[in-house]
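File shown here: protein.cif, holding mmCIF, C-alpha atoms.
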data_coords
loop_
_atom_site.label_atom_id
_atom_site.label_comp_id
_atom_site.auth_asym_id
_atom_site.auth_seq_id
_atom_site.Cartn_x
_atom_site.Cartn_y
_atom_site.Cartn_z
CA MET A 1 14.35 15.01 19.30
CA ARG A 2 12.53 16.49 16.30
CA THR A 3 9.67 14.06 15.77
CA LEU A 4 7.30 13.97 12.81
CA ILE A 5 4.09 11.98 13.26
CA VAL A 6 2.13 10.97 10.19
CA VAL A 7 -1.33 9.72 11.10
CA ASN A 8 -4.03 8.17 8.93
CA HIS A 9 -7.44 6.86 10.01
CA PRO A 10 -10.83 8.05 8.73
CA SER A 11 -12.68 7.64 12.06
CA PRO A 12 -12.04 10.07 14.95
CA ASP A 13 -13.22 7.44 17.47
CA SER A 14 -10.89 4.69 16.19
CA LEU A 15 -8.17 2.99 18.22
CA THR A 16 -5.60 4.38 15.78
CA ARG A 17 -6.68 7.93 16.69
CA ALA A 18 -6.56 7.04 20.40
CA ALA A 19 -3.05 5.66 19.95
CA HIS A 20 -2.04 8.82 18.09
CA GLN A 21 -3.20 10.90 21.07
CA ARG A 22 -1.19 8.73 23.46
CA VAL A 23 1.94 9.08 21.30
CA LEU A 24 1.44 12.87 21.50
CA ASP A 25 0.89 12.71 25.28
CA GLY A 26 4.05 10.65 25.71
CA LEU A 27 6.16 12.93 23.52
CA LYS A 28 4.88 15.97 25.41
CA ARG A 29 6.03 14.42 28.68
CA ALA A 30 9.40 13.68 27.06
CA GLY A 31 9.65 17.29 25.86
CA ASP A 32 10.17 16.41 22.19
CA ASP A 33 9.77 18.90 19.39
CA VAL A 34 6.72 17.49 17.56
CA ARG A 35 5.03 18.08 14.23
CA VAL A 36 1.98 16.21 12.96
CA LEU A 37 0.80 15.52 9.43
CA ASP A 38 -2.81 14.40 9.69
CA LEU A 39 -3.55 13.02 6.23
CA ASP A 40 -7.31 12.75 6.82
CA ALA A 41 -7.65 16.29 8.22
CA GLU A 42 -5.78 17.55 5.15
CA GLN A 43 -7.96 15.36 2.90
CA PHE A 44 -4.71 14.28 1.31
CA ASP A 45 -5.24 12.92 -2.21
CA PRO A 46 -3.10 9.78 -2.49
CA ARG A 47 -3.34 9.45 -6.26
CA VAL A 48 -0.12 10.11 -8.13
CA THR A 49 -1.03 12.50 -10.94
CA GLU A 50 -0.09 12.11 -14.57
CA ALA A 51 2.32 15.08 -14.31
CA GLU A 52 3.98 13.65 -11.20
CA LYS A 53 4.47 10.30 -12.87
CA LEU A 54 6.08 11.91 -15.89
CA GLN A 55 8.47 13.80 -13.60
CA HIS A 56 9.33 10.72 -11.58
CA THR A 57 12.93 10.50 -12.77
CA GLU A 58 13.40 14.17 -13.59
CA HIS A 59 14.92 16.75 -11.27
CA ALA A 60 11.62 18.51 -10.74
CA SER A 61 10.07 19.76 -7.57
CA SER A 62 6.97 18.02 -6.29
CA THR A 63 3.48 19.42 -6.57
CA PRO A 64 3.22 22.76 -4.66
CA ASP A 65 0.61 21.44 -2.19
CA LEU A 66 3.22 18.92 -1.03
CA ALA A 67 5.85 21.52 -0.10
CA HIS A 68 5.07 21.39 3.63
CA HIS A 69 5.25 17.59 3.57
CA VAL A 70 8.68 17.69 1.99
CA GLU A 71 9.83 20.36 4.43
CA ALA A 72 8.63 18.29 7.40
CA LEU A 73 10.38 15.17 6.08
CA GLN A 74 13.67 17.04 5.83
CA TRP A 75 13.19 18.53 9.31
CA ALA A 76 12.53 15.26 11.17
CA GLN A 77 15.03 13.20 13.14
CA ARG A 78 12.36 10.67 13.99
CA LEU A 79 9.42 9.59 11.85
CA VAL A 80 6.45 7.92 13.55
CA LEU A 81 3.76 6.37 11.34
CA VAL A 82 0.40 5.76 13.04
CA TYR A 83 -2.14 3.80 10.98
CA PRO A 84 -4.40 0.74 10.90
CA THR A 85 -3.04 -2.25 8.98
CA TRP A 86 -5.54 -3.14 6.26
CA PHE A 87 -4.87 -6.05 3.92
CA GLY A 88 -1.40 -6.36 5.36
CA GLY A 89 -0.45 -2.78 4.60
CA PHE A 90 -1.20 0.91 4.80
CA PRO A 91 -4.55 2.51 3.98
CA ALA A 92 -4.48 4.12 0.52
CA ARG A 93 -3.90 7.61 1.97
CA LEU A 94 -0.65 6.66 3.66
CA LYS A 95 0.55 4.58 0.71
CA GLY A 96 -0.11 7.59 -1.50
CA TRP A 97 1.86 9.82 0.87
CA PHE A 98 4.92 7.69 0.15
CA ASP A 99 4.11 7.63 -3.57
CA ARG A 100 3.78 11.43 -3.79
CA ALA A 101 5.92 13.01 -1.04
CA TRP A 102 8.93 10.68 -1.07
CA VAL A 103 10.12 12.03 -4.38
CA MET A 104 13.42 12.31 -6.17
CA ASP A 105 15.86 14.87 -4.75
CA VAL A 106 14.04 14.58 -1.41
CA ALA A 107 13.88 10.93 -0.42
CA PHE A 108 16.57 9.77 -2.82
CA HIS A 109 19.10 10.94 -5.35
CA LEU A 110 19.82 9.29 -8.65
CA PRO A 111 23.21 10.57 -9.82
CA GLU A 112 23.31 10.63 -13.58
CA GLY A 113 24.81 7.64 -15.30
CA THR A 114 25.02 5.47 -12.19
CA GLY A 115 21.47 4.13 -12.11
CA ARG A 116 22.02 3.69 -8.39
CA VAL A 117 19.80 5.19 -5.71
CA ARG A 118 21.41 7.25 -2.93
CA ALA A 119 19.72 8.00 0.40
CA GLY A 120 18.15 11.44 0.67
CA LEU A 121 16.77 11.42 4.21
CA LYS A 122 19.88 10.87 6.31
CA ASN A 123 18.36 13.29 8.83
CA ILE A 124 15.95 10.52 9.90
CA LYS A 125 17.61 8.43 12.60
CA ARG A 126 14.55 6.63 13.93
CA LEU A 127 11.73 5.05 11.99
CA GLU A 128 8.77 3.87 14.06
CA ILE A 129 5.37 2.32 13.43
CA VAL A 130 2.36 2.24 15.74
CA THR A 131 -0.34 0.12 14.13
CA THR A 132 -3.43 -1.97 14.76
CA HIS A 133 -3.99 -5.43 13.29
CA GLY A 134 -7.51 -6.89 13.17
CA ASN A 135 -6.23 -10.44 13.14
CA SER A 136 -3.63 -12.44 14.99
CA ARG A 137 0.15 -12.31 14.85
CA LEU A 138 0.12 -15.73 13.19
CA ALA A 139 -2.34 -14.63 10.49
CA ASN A 140 -0.17 -11.58 9.83
CA PHE A 141 2.86 -13.77 9.47
CA ALA A 142 1.00 -15.86 6.89
CA GLN A 143 -0.04 -12.70 5.05
CA GLY A 144 3.58 -11.60 4.94
CA ASN A 145 3.04 -8.18 6.54
CA PRO A 146 3.86 -6.29 3.32
CA GLY A 147 3.30 -2.86 4.90
CA LYS A 148 5.98 -3.41 7.50
CA LEU A 149 8.29 -4.77 4.79
CA THR A 150 7.93 -1.55 2.76
CA VAL A 151 8.91 0.67 5.69
CA TRP A 152 11.56 -1.62 7.15
CA ARG A 153 13.40 -2.14 3.89
CA SER A 154 12.40 0.16 0.99
CA LEU A 155 12.11 3.33 3.07
CA ARG A 156 14.73 2.41 5.68
CA VAL A 157 17.54 2.41 3.09
CA LEU A 158 16.83 6.09 2.33
CA CYS A 159 17.29 7.17 5.97
CA HIS A 160 20.43 7.49 8.10
CA PRO A 161 22.70 4.41 7.75
CA LEU A 162 22.33 3.69 11.47
CA CYS A 163 18.60 4.47 11.56
CA ARG A 164 16.86 2.41 14.25
CA ARG A 165 13.40 0.87 13.84
CA ARG A 166 10.65 0.19 16.35
CA TYR A 167 7.37 -1.62 15.69
CA THR A 168 4.56 -1.19 18.22
CA PRO A 169 1.57 -3.25 17.05
CA ILE A 170 -1.57 -4.56 18.66
CA TYR A 171 -2.73 -7.86 17.17
CA GLY A 172 -6.12 -9.57 17.27
CA LEU A 173 -8.05 -6.32 17.61
CA ASP A 174 -11.26 -7.91 16.23
CA THR A 175 -11.55 -10.06 19.36
CA ALA A 176 -9.57 -8.00 21.88
CA GLU A 177 -10.84 -7.52 25.44
CA PRO A 178 -11.17 -3.87 26.54
CA ASP A 179 -8.49 -4.43 29.22
CA ARG A 180 -5.93 -5.48 26.64
CA ILE A 181 -6.67 -2.42 24.51
CA THR A 182 -6.32 -0.11 27.51
CA ALA A 183 -3.05 -1.79 28.49
CA TRP A 184 -1.70 -1.35 24.96
CA LEU A 185 -2.57 2.35 24.90
CA ASP A 186 -0.81 2.83 28.26
CA HIS A 187 2.18 0.97 26.86
CA VAL A 188 2.28 3.27 23.80
CA GLU A 189 2.28 6.41 25.97
CA GLU A 190 5.01 5.07 28.24
CA LEU A 191 7.18 4.12 25.26
CA TYR A 192 7.01 7.66 23.89
CA ALA A 193 7.43 9.32 27.28
CA GLY A 194 10.48 7.25 28.11
CA MET B 1 -12.60 -18.19 -17.45
CA ARG B 2 -14.13 -14.85 -16.69
CA ALA B 3 -11.30 -12.47 -15.85
CA LEU B 4 -11.58 -9.23 -13.92
CA VAL B 5 -8.72 -6.92 -14.86
CA VAL B 6 -7.96 -4.12 -12.39
CA PHE B 7 -5.64 -1.51 -13.88
CA ALA B 8 -3.92 1.52 -12.37
CA HIS B 9 -1.64 3.92 -14.19
CA PRO B 10 -1.73 7.72 -13.98
CA ASP B 11 -0.47 8.22 -17.53
CA PRO B 12 -2.78 6.97 -20.31
CA ASN B 13 0.10 7.01 -22.83
CA SER B 14 2.55 5.06 -20.70
CA PHE B 15 4.21 1.73 -21.26
CA GLY B 16 1.78 0.50 -18.59
CA ALA B 17 -1.09 1.15 -21.01
CA SER B 18 0.67 -1.03 -23.61
CA VAL B 19 0.98 -3.75 -20.98
CA LEU B 20 -2.77 -3.50 -20.34
CA HIS B 21 -3.57 -3.79 -24.05
CA SER B 22 -1.32 -6.83 -24.40
CA ALA B 23 -3.01 -8.49 -21.43
CA LEU B 24 -6.50 -7.76 -22.79
CA ALA B 25 -5.49 -9.11 -26.21
CA GLY B 26 -3.97 -12.20 -24.60
CA LEU B 27 -7.03 -12.92 -22.46
CA LYS B 28 -9.33 -12.58 -25.48
CA ALA B 29 -7.07 -14.80 -27.61
CA GLY B 30 -7.22 -17.39 -24.83
CA GLY B 31 -11.03 -17.39 -25.02
CA HIS B 32 -11.54 -15.66 -21.67
CA ALA B 33 -14.34 -13.20 -21.00
CA VAL B 34 -12.97 -9.92 -19.69
CA ASP B 35 -14.26 -7.19 -17.36
CA LEU B 36 -12.05 -4.15 -16.92
CA ILE B 37 -11.82 -1.65 -14.07
CA ASP B 38 -9.50 1.20 -15.06
CA LEU B 39 -9.12 3.05 -11.75
CA TYR B 40 -7.59 6.30 -13.03
CA ASP B 41 -10.02 6.42 -15.93
CA GLU B 42 -12.92 6.06 -13.48
CA ASP B 43 -11.40 8.81 -11.28
CA TYR B 44 -11.74 6.29 -8.48
CA ASP B 45 -11.58 7.54 -4.88
CA PRO B 46 -9.40 5.05 -2.97
CA ASN B 47 -10.06 6.43 0.52
CA LEU B 48 -12.27 4.32 2.73
CA SER B 49 -14.50 6.90 4.43
CA GLY B 50 -15.43 7.23 8.09
CA SER B 51 -18.95 5.90 7.43
CA GLU B 52 -17.57 2.97 5.42
CA HIS B 53 -15.31 2.19 8.37
CA ARG B 54 -18.20 2.35 10.86
CA ASN B 55 -20.31 0.00 8.71
CA TYR B 56 -17.41 -2.21 7.64
CA MET B 57 -18.61 -5.39 9.34
CA VAL B 58 -22.24 -5.14 8.23
CA VAL B 59 -22.34 -3.43 4.84
CA GLY B 60 -21.69 -6.50 2.63
CA ALA B 61 -22.54 -6.57 -1.05
CA ASP B 62 -25.44 -4.13 -0.79
CA HIS B 63 -23.08 -1.16 -0.67
CA PRO B 64 -24.54 2.38 -0.62
CA ASP B 65 -21.80 3.64 -2.97
CA SER B 66 -22.80 2.76 -6.55
CA THR B 67 -19.19 2.43 -7.76
CA VAL B 68 -18.21 0.03 -4.98
CA LYS B 69 -21.44 -1.92 -5.53
CA ARG B 70 -20.66 -2.31 -9.25
CA HIS B 71 -17.11 -3.42 -8.46
CA ILE B 72 -18.41 -6.00 -5.98
CA GLN B 73 -20.74 -7.40 -8.66
CA LEU B 74 -17.80 -7.76 -11.06
CA LEU B 75 -15.67 -9.33 -8.31
CA ASP B 76 -18.42 -11.87 -7.54
CA GLN B 77 -18.35 -13.10 -11.15
CA ALA B 78 -14.59 -13.29 -11.49
CA GLU B 79 -12.77 -16.58 -11.98
CA ALA B 80 -9.45 -14.87 -12.57
CA LEU B 81 -8.24 -11.66 -10.93
CA VAL B 82 -5.62 -9.77 -12.93
CA PHE B 83 -3.91 -6.76 -11.33
CA ILE B 84 -1.84 -4.55 -13.63
CA TYR B 85 0.16 -1.66 -12.13
CA PRO B 86 3.51 0.10 -12.02
CA THR B 87 5.33 -0.64 -8.75
CA PHE B 88 5.73 2.44 -6.55
CA TRP B 89 7.80 2.01 -3.38
CA MET B 90 7.76 -1.77 -3.89
CA GLY B 91 3.99 -1.90 -3.78
CA MET B 92 0.84 -1.15 -5.71
CA PRO B 93 -0.09 2.51 -6.26
CA ALA B 94 -2.34 3.95 -3.53
CA ILE B 95 -5.37 3.99 -5.86
CA MET B 96 -5.17 0.19 -6.15
CA LYS B 97 -4.44 -0.47 -2.47
CA GLY B 98 -7.56 1.56 -1.70
CA TRP B 99 -9.55 -0.56 -4.13
CA LEU B 100 -8.72 -3.61 -2.00
CA ASP B 101 -9.61 -1.72 1.20
CA ARG B 102 -13.02 -0.63 -0.11
CA THR B 103 -14.07 -3.63 -2.23
CA PHE B 104 -12.71 -6.69 -0.39
CA LEU B 105 -15.25 -6.48 2.43
CA PRO B 106 -16.37 -9.03 5.01
CA GLY B 107 -19.23 -11.01 3.44
CA VAL B 108 -17.82 -10.25 -0.01
CA ALA B 109 -14.19 -11.34 -0.11
CA PHE B 110 -13.93 -13.14 3.23
CA GLU B 111 -16.02 -14.23 6.19
CA LEU B 112 -15.03 -13.09 9.66
CA ASN B 113 -16.18 -15.01 12.70
CA PRO B 114 -16.80 -12.25 15.27
CA SER B 115 -16.25 -14.45 18.32
CA THR B 116 -13.09 -16.30 17.27
CA GLY B 117 -11.68 -13.65 14.91
CA LYS B 118 -11.02 -16.38 12.32
CA VAL B 119 -11.04 -15.37 8.67
CA ARG B 120 -12.44 -17.73 6.02
CA PRO B 121 -12.02 -17.23 2.27
CA ALA B 122 -15.03 -16.02 0.29
CA LEU B 123 -13.29 -15.69 -3.08
CA ASP B 124 -13.57 -19.47 -3.70
CA HIS B 125 -14.61 -18.73 -7.27
CA VAL B 126 -11.21 -17.20 -8.06
CA GLN B 127 -9.03 -19.84 -9.73
CA ALA B 128 -6.15 -17.62 -10.83
CA LEU B 129 -4.55 -14.63 -9.16
CA VAL B 130 -2.36 -12.75 -11.60
CA GLY B 131 -0.03 -9.82 -10.97
CA ILE B 132 1.50 -7.93 -13.89
CA THR B 133 3.89 -5.14 -12.99
CA THR B 134 6.96 -3.13 -13.95
CA TYR B 135 9.68 -2.06 -11.58
CA GLY B 136 11.99 0.92 -12.06
CA SER B 137 14.57 -0.77 -9.86
CA SER B 138 16.96 -3.53 -10.78
CA ARG B 139 16.50 -7.14 -9.75
CA THR B 140 19.35 -6.84 -7.22
CA TYR B 141 17.67 -3.88 -5.54
CA LEU B 142 14.34 -5.74 -5.49
CA ARG B 143 16.01 -8.66 -3.71
CA LEU B 144 17.52 -6.26 -1.21
CA VAL B 145 14.34 -4.42 -0.25
CA GLY B 146 11.68 -7.07 -0.92
CA ASP B 147 8.55 -6.96 -3.08
CA SER B 148 5.63 -5.83 -0.90
CA GLY B 149 3.21 -5.66 -3.83
CA ARG B 150 3.77 -9.30 -4.67
CA ARG B 151 3.32 -10.23 -1.03
CA THR B 152 0.05 -8.30 -0.88
CA LEU B 153 -1.40 -10.22 -3.82
CA HIS B 154 0.24 -13.61 -3.57
CA ARG B 155 0.04 -14.00 0.19
CA THR B 156 -2.48 -11.61 1.75
CA VAL B 157 -5.10 -11.83 -1.04
CA ARG B 158 -4.24 -15.44 -1.92
CA LEU B 159 -5.35 -16.50 1.58
CA ILE B 160 -8.95 -15.50 0.86
CA CYS B 161 -9.13 -17.23 -2.56
CA GLY B 162 -10.06 -20.85 -3.23
CA LYS B 163 -7.77 -23.72 -2.20
CA ARG B 164 -6.71 -24.52 -5.76
CA CYS B 165 -6.23 -20.94 -6.91
CA LYS B 166 -3.00 -20.61 -8.88
CA ARG B 167 -0.65 -17.67 -8.64
CA VAL B 168 0.93 -16.08 -11.69
CA TRP B 169 3.49 -13.24 -11.63
CA ILE B 170 4.57 -11.47 -14.81
CA SER B 171 7.06 -8.66 -14.26
CA LEU B 172 9.77 -6.55 -15.82
CA ASP B 173 12.46 -5.10 -13.57
CA GLY B 174 14.94 -2.30 -14.30
CA LEU B 175 12.44 -0.52 -16.54
CA ASP B 176 14.28 2.81 -16.21
CA THR B 177 17.36 1.44 -17.97
CA ARG B 178 16.03 -1.27 -20.31
CA PRO B 179 16.43 -1.10 -24.10
CA VAL B 180 13.31 -0.99 -26.24
CA GLU B 181 13.67 -4.64 -27.33
CA ASP B 182 13.24 -5.81 -23.74
CA ARG B 183 9.98 -3.90 -23.47
CA GLU B 184 8.73 -5.41 -26.72
CA ALA B 185 9.65 -8.89 -25.51
CA PHE B 186 7.81 -8.27 -22.25
CA LEU B 187 4.61 -7.30 -24.10
CA VAL B 188 4.82 -10.60 -26.01
CA GLU B 189 5.32 -12.48 -22.75
CA VAL B 190 2.29 -10.76 -21.20
CA ARG B 191 0.16 -11.66 -24.21
CA GLN B 192 1.24 -15.29 -24.26
CA ARG B 193 0.95 -15.95 -20.55
CA THR B 194 -2.45 -14.30 -20.18
CA ALA B 195 -3.72 -16.30 -23.18
CA GLY B 196 -2.51 -19.48 -21.52
CA LEU B 197 -4.25 -18.96 -18.18
#

How does this structure look as structure tokens?
Amino acid sequence: MRTLIVVNHPSPDSLTRAAHQRVLDGLKRAGDDVRVLDLDAEQFDPRVTEAEKLQHTEHASSTPDLAHHVEALQWAQRLVLVYPTWFGGFPARLKGWFDRAWVMDVAFHLPEGTGRVRAGLKNIKRLEIVTTHGNSRLANFAQGNPGKLTVWRSLRVLCHPLCRRRYTPIYGLDTAEPDRITAWLDHVEELYAG
Amino acid sequence: MRALVVFAHPDPNSFGASVLHSALAGLKAGGHAVDLIDLYDEDYDPNLSGSEHRNYMVVGADHPDSTVKRHIQLLDQAEALVFIYPTFWMGMPAIMKGWLDRTFLPGVAFELNPSTGKVRPALDHVQALVGITTYGSSRTYLRLVGDSGRRTLHRTVRLICGKRCKRVWISLDGLDTRPVEDREAFLVEVRQRTAGL
């Protein structure tokens, strides 16, 4: 399966980066065709520019430095997002990747006169998240998990109609025992190898 | 009340800028003192850096970055927090999400007990949490996909504010297809409701 991984964490020694490596290891064992967009390595600027905002509902191509992001999105059959959950959602870099790369005529179409959005990424048949949560599952429930909501609903409707979703979180990282972290990393690799 | 207004819009001539001006006028008419952080105007960098991440638990209010330090000082004085933004992908623009990531630190916005992992609010001084936004999508579409931005402010951030903090949401959906009169009416609503905080 053609798998696109989008990873975002500023620290190379973070658990998110370790999980990213285990996803890669698993996919290698499975023999998947893998591409990676490392938003930190690219120093991706998440700020929508004035020009991009003005073009938002025009049929205009995105900023040239985003061409390879758009190409990768249209190539992928599976999209795996690997990030830490901060304040219930994505770090700014990943949020900005949606804001800037998921543009009109790529992620969605807006046929004139209908005012109705049509899916643009029907090539994506699996949408998956691997994420770390500092606090507990219960606390996340209270917070409403807005990041997951964005991917599961807003972005999901632009993918294939039968697109499947998989959420692979670790909760309570702030107080997690090393054994539990190791077990989770093993679990991540097995999931992607299997 | 002393209100801290945090504003994000990439286009200084947008309808979003008119919304900001209406909110500022409303707050002043209501007798509130106002501090403004205009993120695009400040050319704010929303990315939490590797060193900020390493020092996350210990850095507190004495932040080495002068911009973050100034924002923390404004946050400490705030009795109302007013977020004004256009909704992108059902949430706040990245520049504003990053502002939460970098400014709402342990010891500033919340207290984290390292042994139990429990989070306690530290924004007790915030009595009103206000979101003002515009959506391109229709109300039906919003219901279908859910409003992550509202959840971020009214649930995730609300949990670290004071017990009696009230939540206010002022929004206009279907912006892409609305007639001009609806926009005008919305600006009046923004002005009135911010004055009445």

Atomic distance atom CA of B:Asp43 - atom CA of A:Leu39, expressed in Å with one decimal:
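Going from atom CA of B:Asp43 over to atom CA of A:Leu39 covers 19.6 Å.
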
For A:Glu71, which of A:Leu4, A:Ala18, A:Ala41, A:Arg93 is the closest residue, counting all atoms listed in the file?
A:Leu4

Show me, as JSON, numbers by chain, the residues of chain A whose atoms get within 9 Å of chain B, using all atoms listed in the file for the distance check.
{"A": [9, 10, 11, 12, 45, 46, 47, 48, 49, 50, 51, 52, 53, 54, 57, 86, 87, 88, 89, 90, 91, 92, 93, 94, 95, 96, 97, 98, 99, 115, 116, 117, 134, 135, 136, 139, 140, 142, 143, 144, 145, 146, 147, 148, 149, 150, 152, 153, 154, 155, 157, 172, 173, 174, 175]}

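Selection check: the PyMOL selection byres ((chain A and resi 78) around 8) on the shown file gives Met1, Arg2, Thr3, Leu4, Ala76, Gln77, Leu79, Val80, Ile124, Lys125, Arg126, Leu127 and Glu128 of chain A.
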
Got a sec: who's within 12 Å of B:Gln73, counting all atoms listed in the file, leaving out chain neighbours fewer than 4 positions off, as number ranges by chain?
B: 4, 35, 37, 60-63, 66-69, 77-78, 103-104, 108-109

Quick check on the file I pasted: which residues fall under the PyMOL selection byres ((chain A and resi 24-37) around 9)? Write them as a PyMOL selection string.
chain A and resi 1-8+19-23+38-42+69+72+76+188-194

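You will find atom CA of B:Arg178 at 27.6 Å from atom CA of A:Cys159.
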
Atom CA of B:Leu24 to atom CA of B:Leu105, distance in Å rounded to a single decimal:
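We find that atom CA of B:Leu24 and atom CA of B:Leu105 lie 26.7 Å from each other.
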
Name the residues that the PyMOL selection byres ((chain B and resi 170) around 10) picks from the file above, as a list of chain:residue names, using the file's chain letters and numbers.
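For this structure, the PyMOL selection byres ((chain B and resi 170) around 10) captures B:Ile84, B:Val130, B:Gly131, B:Ile132, B:Thr133, B:Thr134, B:Val168, B:Trp169, B:Ser171, B:Leu172, B:Phe186, B:Glu189, B:Val190, B:Arg193, B:Thr194.
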
Spatial neighbours of B:Gly31, max dist 9 Å, only C-alpha atoms, sep filter under 3 positions, as a list of chain:residue names:
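Everything that qualifies: B:Met1, B:Gly26, B:Leu27, B:Lys28, B:Ala195.
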
So that I have them on file, write out the residues from the current selection with C-alpha atoms, as an mmCIF file, in the frame of the given file.
data_model
loop_
_atom_site.group_PDB
_atom_site.id
_atom_site.type_symbol
_atom_site.label_atom_id
_atom_site.label_comp_id
_atom_site.auth_asym_id
_atom_site.auth_seq_id
_atom_site.Cartn_x
_atom_site.Cartn_y
_atom_site.Cartn_z
ATOM 1 C CA MET B 1 -12.600 -18.190 -17.450
ATOM 2 C CA GLY B 26 -3.970 -12.200 -24.600
ATOM 3 C CA LEU B 27 -7.030 -12.920 -22.460
ATOM 4 C CA LYS B 28 -9.330 -12.580 -25.480
ATOM 5 C CA ALA B 195 -3.720 -16.300 -23.180
#

May I ask which of the residues B:Val188, B:Ile160, B:Ala8, B:Val34 is the closest one to B:Pro121, counting all atoms listed in the file?
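Using all atoms listed in the file, B:Pro121 sits closest to B:Ile160.
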